[in-house]
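Notes follow once the structure below has been shown.
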Amino acid sequence: MGVIPTQRETVYRPGGASARPGGLPARTRATLAGGSHAPGAARDLVHAALTEWSGLGLPGGEHLAGRLAEDAVLVVSELVTNAVVHAGTDIDLVCRLCLAEDDEPEAYAVVVEVSDHHPSRAPRDGTPEPPHDTPEYGRGLQLVATLAEAWGVTYRRGTKTVWARLGPVAENTANAGQAYGDDAPMTAYTARAEAAPTADTGTARPDAAPTADTGTARPDAAPTTSTRTDIAPDAAGTSAPARLPASTPHARDWLGRGALSFLAEASDLLAGQLDEDLVAALTGQLLVPRLADWCAVWLEDELSARGWGDGTGGPGPRLARVCHGGEHHIEELRRTLEKDPPHPSHPPDAAGSGPTPFPWPAEALGPGGCALAYRLVAGGRPLGTLVIGRAGLLRFPDEVTGLVEDLGRRVALAIGAARQYARQVTISAVLQRGLLPGAVAEIPGLRSALVYEPREQGGPSGDFYDLFPAGHGRWCFAVGDVQGKGPEAAVVIGLARPWLRLLAREGYGVPDVLDRLNQLLLDDATEAADAAARAFVGPAGPADGPQTRFLSLLYGELVPFDGGVRCTLASAGHPLPLLLGPDGTVTTAAHPQTLLGVVEDATYTSETLELRPGDTLLCVTDGVTERRSGPRQFDDGDGLAVALAGCAGLDADLIAERVRDLVHAFGDDPPEDDLALLVLQTE
């Protein structure tokens with residue numbers, strides 16, 4: 001879900017003004033999937049591009065890897081975050097260098113452009129956010145305006161682009177080193193060019209020159225106004241204090257630049273979390289003690305919020321995390337906060353998403369302090385409430401409230417992503433349980449043992465097994481492996497396993513069962529699996545046709561008799577079963593045949609053998625035979641047969657356990673494929 005590169009090019013036209021006709025000495029482009037990993041992927045892409053360009057020999061290019069790169073990374077992070085939260089479509093990212101004005105022939109600026117495909121939603125800057133039950137719009141562009149010399153919005157058919165211009169980077173200007181040199185003080189730009197309307201679209205175009213009546217700046221031109229505020233780091237050489245005091249010059253300085261780095265690092269930290277409680281815990285660590293003495297995170301869902309507070313429904317929000325700078329305060333603070341949680345049915349501020357006063361927990365912390373509540377909303381849905389507090393304040397500084405509001409947006413996005421992942425895991429686990437038998441049958445005179453390990457725990461596997469009664473003194477077993485993984489494989493298994501049982505119980509023999517299952521896979525399974533693929537990954541492209549879903553299968557029928565068990569079996573493109581005798585000899589028990597679902601009108605045959613007391617039949621999937629250790633596979637040189645021969649004298653359970661352990665020990669890394677093995681041993 002991160003980055004899907006669509007085009008990546010680096011072009012440099014040396015020679016100062018000679019490069020101007022192209023206007024693009026360097027450029028990189030990518031398409032990002034509109035998910036929680038997009039901001040981090042965008043930051044990595046821009047940072048890598050600027051680092052690469054700094055080594056191209058561009059005049060002044062050495063500054064591209066310094067402060068300018070940091071600003072560009074922060075700006076693209078904010079723009080992509082806004083696009084993810086408020087558009088939800090795939091995102092097109094462009095980062096490029098452009099030449100400055102003619103009087104600075106060797107100066108370059110960086111332009112970033114972030115486009116989404118929901119042009120009816122405009123970015124919002126500083127105005128109140130509508131309630132969660134109305135369409136959301138962008139916000140947080142104050143950060144972009146702080147760093148960019150110019151920014152604006154361009155609307156095209158089906159696309160909205162927000163662009164920002166940073167720089168220029170100059171080799172020969174007197175202030176080049178002051179602007180972005182390694183030893184320069186931290187600099188925050190406060191200049192901004194508003195996006196002025198045009199006659200046809202009502203918005204500014206990034207390629208339009210400034211006009212006398214609008215003052216609109218284009219990204220390729222130098223800004224008409226510029227204000228710069230120089231901020232020196234603290235004595236320790238850092239830009240973020242351990243605890244931010246209220247309304248001090250140092251606090252304002254840190255919030256001018258260090259806050260932007262704080263938000264970028266927070267985004268990276270939160271983006272990869274797949275558990276909402278861990279997101280809540282990380283939120284507390286980010287805020288305390290840097291911005292607040294304590295914080296609390298309540299989480300809610302539709303069930304908990306429905307009817308809470310009026311006695312008609314859910315239990316209300318769950319206090320997921322309480323964090324305080326003093327560990328001895330946490331338990332008492334938790335007990336106090338649990339008595340009066342924020343009401344989840346409505347945002348704290350019905351007019352917007354900003355902070356609202358929260359009752360100070362004097363019972364736990366004593367009198368004298370300020371607390372604010374922030375609703376956590378993502379995708380138009382309320383996910384919870386974040387509360388921060390600090391003792392000895394009548395009100396939080398505006399800089400802090402704005403920063404926490406921006407952090408809250410990122411926290412909400414991370415919680416939403418974690419919940420989506422949890423839903424997918426739950427669905428996969430339920431689906432997996434439905435694809436496997438609840439219990440294997442017990443067969444007179446035969447012991448069985450099973451090992452089943454999907455590579456992705458909880459997710460649909462391509463391997464399956466079954467051992468079931470077929471009636472009239474017969475039992476049947478199957479070990480199979482479907483092409484692919486995930487929902488497409490699950491659809492094929494969902495068709496194949498019930499059909500196996502149905503055909504066996506109708507009295508069909510082993511060859512007839514395989515013949516009919518082969519035809520089923522060529523017909524219904526392909527159509528159903530393609531439908532599942534379209535549902536999960538979108539419609540197929542014009543060159544994509546139906547994909548054959550083939551199946552390798554080892555299928556057999558067991559009939560106990562006095563003195564042993566008669567076994568009739570066939571292998572359709574599957575690893576051949578191995579027969580272990582009481583004396584340790586190992587032989588194959590079938591011959592290879594064509595995969596199911598590949599050849600129409602294929603005819604299958606079976607073989608019959610008698611399992612005498614002490615005989616063991618081992619059936620595996622290719623996750624066992626093709627287990628890798630560098631270039632070698634587990635079954636190279638009849639490795640599986642050698643391993644089975646060493647199991648002579650062991651019972652079925654110990655054989656299954658030993659083969660599994662040998663497979664895992666064969667390579668240093670965990671297995672890369674699903675693993676299934678079935679052991680059948682006559683008593």
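Just remember, in the structure tokens the first chain shown is A, the second B, etc., residues are 1-based per chain, and ligands are 1-based in the order shown.
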- Item | Residue contacts of Asp277 (chain A) (10 Å, only C-alpha atoms) excluding same-chain residues fewer than 4 positions away, as a PyMOL selection string | chain A and resi 273+281-283+297-299+319-321+415+418
| said: When you look at Gly462 (chain A) with a cut-off of 12 Å (counting only C-alpha atoms), what residues show up, excluding the ones that are within fewer than 2 positions of it in the same chain? I need them as a ChimeraX atom specification. | reply: /A:432,435-436,452-456,459-460,464-465,479-494,496,549-553,621-623,673-676
re CA of Leu514 (chain A) and CA of Ala572 (chain A): distance 8.1 Å
